[in-house]
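K.L.:
This one is input.cif, mmCIF, C-alpha atoms.
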data_entry
#
loop_
_atom_site.label_atom_id
_atom_site.label_comp_id
_atom_site.auth_asym_id
_atom_site.auth_seq_id
_atom_site.Cartn_x
_atom_site.Cartn_y
_atom_site.Cartn_z
CA MET A 1 2.57 99.84 -55.02
CA ARG A 2 -0.42 98.84 -57.12
CA ARG A 3 1.63 96.17 -58.87
CA ASP A 4 2.69 94.72 -55.52
CA SER A 5 -0.92 94.61 -54.32
CA ILE A 6 -2.00 92.85 -57.52
CA LEU A 7 0.77 90.27 -57.12
CA ALA A 8 -0.17 89.74 -53.48
CA ALA A 9 -3.83 89.27 -54.38
CA SER A 10 -3.03 86.79 -57.16
CA ALA A 11 -0.48 84.80 -55.15
CA PRO A 12 -2.98 82.19 -53.82
CA ALA A 13 -4.30 81.46 -57.32
CA LEU A 14 -0.75 81.24 -58.69
CA ARG A 15 0.16 78.74 -55.97
CA VAL A 16 -2.83 76.57 -56.90
CA ILE A 17 -1.79 76.66 -60.57
CA ALA A 18 1.79 75.80 -59.62
CA ALA A 19 0.55 72.89 -57.49
CA ALA A 20 -1.51 71.56 -60.40
CA ALA A 21 1.54 71.84 -62.67
CA ALA A 22 3.63 70.02 -60.05
CA GLY A 23 1.05 67.22 -60.12
CA ALA A 24 1.46 66.94 -63.89
CA ALA A 25 5.25 66.79 -63.49
CA LEU A 26 4.79 64.15 -60.78
CA TRP A 27 2.69 62.04 -63.14
CA TYR A 28 5.39 62.21 -65.79
CA ALA A 29 8.10 61.34 -63.26
CA MET A 30 5.98 58.43 -62.03
CA ARG A 31 5.71 57.03 -65.56
CA LEU A 32 9.47 57.35 -66.08
CA CYS A 33 10.32 55.67 -62.77
CA GLN A 34 7.82 52.85 -63.24
CA GLY A 35 9.12 52.32 -66.78
CA ALA A 36 12.68 52.09 -65.49
CA LEU A 37 11.55 49.61 -62.83
CA ARG A 38 9.59 47.43 -65.29
CA PRO A 39 12.45 45.03 -66.21
CA VAL A 40 12.83 44.21 -62.51
CA VAL A 41 9.16 43.92 -61.51
CA GLU A 42 8.32 41.82 -64.57
CA ARG A 43 10.22 38.96 -62.93
CA ALA A 44 8.27 39.32 -59.69
CA PRO A 45 4.78 37.98 -58.89
CA GLU A 46 2.04 40.27 -60.17
CA TRP A 47 0.98 41.34 -56.69
CA ALA A 48 4.56 42.38 -55.92
CA ALA A 49 4.78 44.35 -59.17
CA LEU A 50 1.54 46.17 -58.34
CA ALA A 51 2.80 46.97 -54.84
CA ALA A 52 6.14 48.19 -56.24
CA ASN A 53 4.41 50.54 -58.69
CA ALA A 54 2.24 51.90 -55.88
CA GLY A 55 5.38 52.37 -53.78
CA VAL A 56 7.04 54.41 -56.54
CA GLU A 57 4.00 56.64 -56.81
CA GLU A 58 3.70 57.16 -53.06
CA ALA A 59 7.43 57.85 -52.68
CA LEU A 60 7.23 60.57 -55.33
CA ARG A 61 4.08 62.02 -53.78
CA LEU A 62 5.71 62.08 -50.36
CA GLY A 63 8.81 63.73 -51.82
CA LEU A 64 6.65 66.48 -53.28
CA ALA A 65 4.86 66.90 -49.95
CA MET A 66 8.18 67.31 -48.15
CA LEU A 67 9.40 69.87 -50.67
CA LEU A 68 6.12 71.74 -50.31
CA ALA A 69 6.40 71.73 -46.52
CA LEU A 70 9.93 73.13 -46.80
CA TYR A 71 8.71 75.86 -49.16
CA VAL A 72 5.86 76.76 -46.78
CA ARG A 73 8.34 77.20 -43.92
CA ARG A 74 10.88 79.15 -45.97
CA ALA A 75 8.22 81.44 -47.48
CA ARG A 76 6.58 81.86 -44.04
CA LEU A 77 3.17 80.89 -45.37
CA GLU A 78 0.34 79.64 -43.19
CA PRO A 79 1.15 76.03 -42.22
CA GLY A 80 -2.09 74.88 -43.84
CA ALA A 81 -0.64 75.78 -47.24
CA VAL A 82 0.85 72.27 -47.28
CA GLY A 83 -2.68 71.28 -48.32
CA LEU A 84 -1.70 72.38 -51.83
CA GLY A 85 -0.25 68.88 -52.11
CA VAL A 86 -3.84 67.65 -52.44
CA VAL A 87 -4.24 69.87 -55.52
CA ALA A 88 -1.12 68.28 -57.02
CA ALA A 89 -2.45 64.80 -56.22
CA CYS A 90 -5.78 65.55 -57.92
CA SER A 91 -3.93 66.81 -61.00
CA LEU A 92 -1.90 63.60 -61.09
CA ALA A 93 -5.05 61.50 -60.63
CA ALA A 94 -6.82 63.31 -63.47
CA LEU A 95 -3.94 62.61 -65.84
CA GLU A 96 -3.65 59.00 -64.72
CA ASN A 97 -7.35 58.38 -65.26
CA ALA A 98 -7.26 60.17 -68.63
CA SER A 99 -4.39 57.92 -69.76
CA TYR A 100 -6.28 54.88 -68.49
CA LEU A 101 -9.39 55.94 -70.40
CA ALA A 102 -7.34 56.46 -73.56
CA ALA A 103 -5.88 52.96 -73.26
CA PHE A 104 -9.10 51.24 -72.12
CA PRO A 105 -12.12 53.25 -73.33
CA THR A 106 -14.73 51.46 -71.22
CA LEU A 107 -17.26 52.55 -68.63
CA ASP A 108 -15.01 51.03 -65.96
CA ALA A 109 -12.73 54.06 -66.37
CA TYR A 110 -15.46 56.29 -64.97
CA TRP A 111 -15.85 54.12 -61.89
CA ARG A 112 -12.11 54.50 -61.33
CA LEU A 113 -12.74 58.16 -60.59
CA GLY A 114 -14.77 57.10 -57.58
CA TYR A 115 -12.41 54.64 -55.97
CA ALA A 116 -9.04 55.80 -57.34
CA LEU A 117 -9.08 59.60 -57.12
CA PRO A 118 -9.83 59.61 -53.34
CA ILE A 119 -6.78 57.37 -52.83
CA HIS A 120 -4.54 60.01 -54.43
CA ALA A 121 -6.15 62.90 -52.57
CA GLY A 122 -6.25 60.98 -49.31
CA ALA A 123 -2.56 60.08 -49.46
CA ALA A 124 -1.68 63.71 -50.15
CA ALA A 125 -3.82 64.84 -47.22
CA LEU A 126 -2.12 62.28 -44.97
CA TYR A 127 1.31 63.55 -46.04
CA ALA A 128 0.20 67.15 -45.47
CA ILE A 129 -0.75 66.23 -41.91
CA ALA A 130 2.55 64.42 -41.33
CA THR A 131 4.96 66.91 -42.93
CA GLY A 132 3.45 70.27 -42.00
CA ASP A 133 3.75 72.36 -38.85
CA SER A 134 0.58 73.01 -36.90
CA GLU A 135 -0.32 76.37 -35.46
CA GLY A 136 0.15 77.05 -31.77
CA PRO A 137 2.77 76.36 -29.09
CA ASP A 138 3.54 72.87 -30.43
CA ARG A 139 4.41 74.20 -33.87
CA GLY A 140 7.52 72.50 -35.21
CA SER A 141 7.37 69.13 -33.49
CA ARG A 142 10.49 67.21 -32.53
CA PRO A 143 12.45 65.95 -35.57
CA ALA A 144 12.43 62.32 -34.38
CA GLY A 145 8.68 62.38 -33.79
CA LYS A 146 8.02 64.04 -37.14
CA ALA A 147 10.23 61.53 -38.99
CA ALA A 148 8.34 58.66 -37.37
CA GLY A 149 5.04 60.27 -38.35
CA ILE A 150 6.16 60.70 -41.96
CA ALA A 151 7.35 57.09 -42.13
CA ALA A 152 4.04 55.88 -40.69
CA ALA A 153 2.09 58.02 -43.17
CA PHE A 154 4.06 56.56 -46.07
CA ALA A 155 3.55 52.99 -44.84
CA ILE A 156 -0.21 53.51 -44.46
CA ALA A 157 -0.61 55.20 -47.85
CA TRP A 158 1.50 52.56 -49.61
CA ALA A 159 -0.37 49.67 -47.98
CA TRP A 160 -3.78 51.22 -48.76
CA HIS A 161 -2.83 52.03 -52.36
CA SER A 162 -1.28 48.60 -52.93
CA ALA A 163 -4.28 46.79 -51.46
CA PHE A 164 -6.72 48.47 -53.84
CA ASN A 165 -4.41 47.96 -56.83
CA ILE A 166 -4.05 44.26 -56.04
CA VAL A 167 -7.76 43.67 -55.41
CA ALA A 168 -8.79 45.60 -58.55
CA ALA A 169 -6.28 43.75 -60.74
CA LEU A 170 -6.28 40.22 -59.30
CA PHE A 171 -9.48 39.80 -57.29
CA PRO A 172 -12.13 42.00 -58.93
CA PHE A 173 -15.77 41.49 -58.04
CA PRO A 174 -18.92 43.24 -59.33
CA ALA A 175 -19.43 45.43 -56.27
CA LEU A 176 -15.80 46.58 -56.10
CA PRO A 177 -16.41 50.03 -57.68
CA ILE A 178 -19.25 50.79 -55.26
CA VAL A 179 -17.49 49.39 -52.19
CA GLY A 180 -14.21 51.09 -53.14
CA THR A 181 -15.93 54.41 -53.74
CA VAL A 182 -17.74 54.35 -50.40
CA VAL A 183 -14.71 53.20 -48.38
CA ASN A 184 -12.31 55.65 -50.01
CA LEU A 185 -14.67 58.61 -49.74
CA ILE A 186 -15.16 57.86 -46.04
CA ALA A 187 -11.38 57.68 -45.56
CA LEU A 188 -10.87 60.90 -47.53
CA SER A 189 -13.57 62.69 -45.51
CA ALA A 190 -11.87 61.65 -42.27
CA LEU A 191 -8.51 62.93 -43.54
CA VAL A 192 -10.03 66.25 -44.65
CA ALA A 193 -11.55 66.63 -41.18
CA ALA A 194 -8.12 65.89 -39.67
CA LEU A 195 -6.56 68.57 -41.90
CA ILE A 196 -9.18 71.09 -40.78
CA ILE A 197 -8.54 70.31 -37.13
CA ARG A 198 -4.73 70.33 -37.44
CA TYR A 199 -4.48 73.60 -39.34
CA GLY A 200 -7.59 75.35 -38.08
CA TYR A 201 -8.93 76.30 -41.50
CA TRP A 202 -12.12 77.68 -39.93
CA SER A 203 -10.07 80.46 -38.30
CA VAL A 204 -9.28 81.85 -41.78
CA TYR A 205 -12.96 82.47 -42.43
CA ALA A 206 -13.74 83.55 -38.88
CA ALA A 207 -11.18 86.36 -39.23
CA ARG A 208 -12.90 87.78 -42.31
#
Mind converting the file's structure to structure tokens?
P.N.:
Amino acid sequence: MRRDSILAASAPALRVIAAAAAGAALWYAMRLCQGALRPVVERAPEWAALAANAGVEEALRLGLAMLLALYVRRARLEPGAVGLGVVAACSLAALENASYLAAFPTLDAYWRLGYALPIHAGAAALYAIATGDSEGPDRGSRPAGKAAGIAAAFAIAWAWHSAFNIVAALFPFPALPIVGTVVNLIALSALVAALIIRYGYWSVYAAR
């Protein structure tokens, strides 16, 4: 009995650790897929190659979000547990920025944390909104509507990610880090607010 209670109490922390590990695996898978795609994208214009790499990353992130949503349903967890995808995205972003810093040890790498990390977290939050089931009578929306929402979320995240990659690589300007940080933090804040509204996170604390 005591062992069961200990396992139950530690389950949330274990899920966070598992999500962080999934983010590390996602980063490795991203590098493998982008490496496999390199011979093809090298023949394309640079903007197209940047967009393709962003598409690979977003496709893998969406795939993880969908697997997480399936796990949440099968394990009968609170629908808001799909937010663990944001933890995975932050883990991926940390590894990506660490690898960037190792390759290019300049102060620019630290600015990347401001305008790049929110893109990862924001995309994961958007996918959590699109793939999860909300609480209440409308829980489990119609499959067609949900599929359209997931497709729209992917298109938005891919376009946003690609746009920042292209501007940063091909059209950089001195204020880009500041502008990117402000814009992406505003977008991330809006998505976090949407997550709170969709899954009613405040009710968890109100019940305590």
K.L.:
Please identify all polymer residues within 12 Å of Leu60 of chain A, counting all atoms listed in the file, omitting same-chain residues fewer than 6 positions from it, and present them as a PyMOL selection string.
P.N.:
chain A and resi 22-23+25-34+53-54+66-67+85+88-89+92+120+123-124+127+154+158
K.L.:
Restricting the calculation to all atoms listed in the file: of A:Ala151, A:Ala163, A:Leu126, A:Ala194, which residue gets closest to Ala48 of chain A?
P.N.:
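Smallest distance to Ala48 of chain A is found for A:Ala163.
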K.L.:
Between A:Val192, A:Ala116, A:Ala144, A:Val86, which residue has the minimum interatomic distance to Leu176 of chain A, considering all atoms listed in the file?
P.N.:
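Closest residue, counting all atoms listed in the file: A:Ala116.
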K.L.:
Written as a VMD selection string, which residues does the PyMOL selection byres ((chain A and resi 187) around 12) give for the file shown?
P.N.:
chain A and resid 115 117 to 123 125 to 126 156 to 157 160 180 to 186 188 to 194
K.L.:
Which of these, A:Leu14, A:Ala128, A:Leu113, A:Ala152, has the shortest distance to Asn97 of chain A once you count all atoms listed in the file?
P.N.:
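The answer is A:Leu113, which sits nearest to Asn97 of chain A.
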K.L.:
Given all atoms listed in the file as the basis, pick out the residue of A:Ala36, A:Ile178, A:Leu195, A:Ile166 nearest to Arg112 of chain A.
P.N.:
A:Ile178
K.L.:
Between atom CA of Ile150 of chain A and atom CA of Ser162 of chain A, what is the spacing in Å?
P.N.:
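These atoms are spaced 17.9 Å apart.
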K.L.:
Which value, in Å to one decimal, gives the distance between atom CA of Cys90 of chain A and atom CA of Ala24 of chain A?
P.N.:
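About the pair atom CA of Cys90 of chain A and atom CA of Ala24 of chain A: they are 9.5 Å apart.
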K.L.:
Just checking: using only C-alpha atoms, which residue out of A:Leu101, A:Ala13, A:Leu107, A:Leu37 ends up closest to Pro177 of chain A?
P.N.:
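Between A:Leu101, A:Ala13, A:Leu107, A:Leu37, the residue approaching Pro177 of chain A most closely is A:Leu107.
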K.L.:
How far is it from atom CA of Ala51 of chain A to atom CA of Ala153 of chain A, in Å with one decimal?
P.N.:
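Taking atom CA of Ala51 of chain A and atom CA of Ala153 of chain A, their separation equals 16.1 Å.
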K.L.:
Closest to Leu50 of chain A among A:Ala155, A:Lys146, A:Arg38, A:Val82, using all atoms listed in the file?
P.N.:
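So, comparing all the options, the nearest one is A:Arg38.
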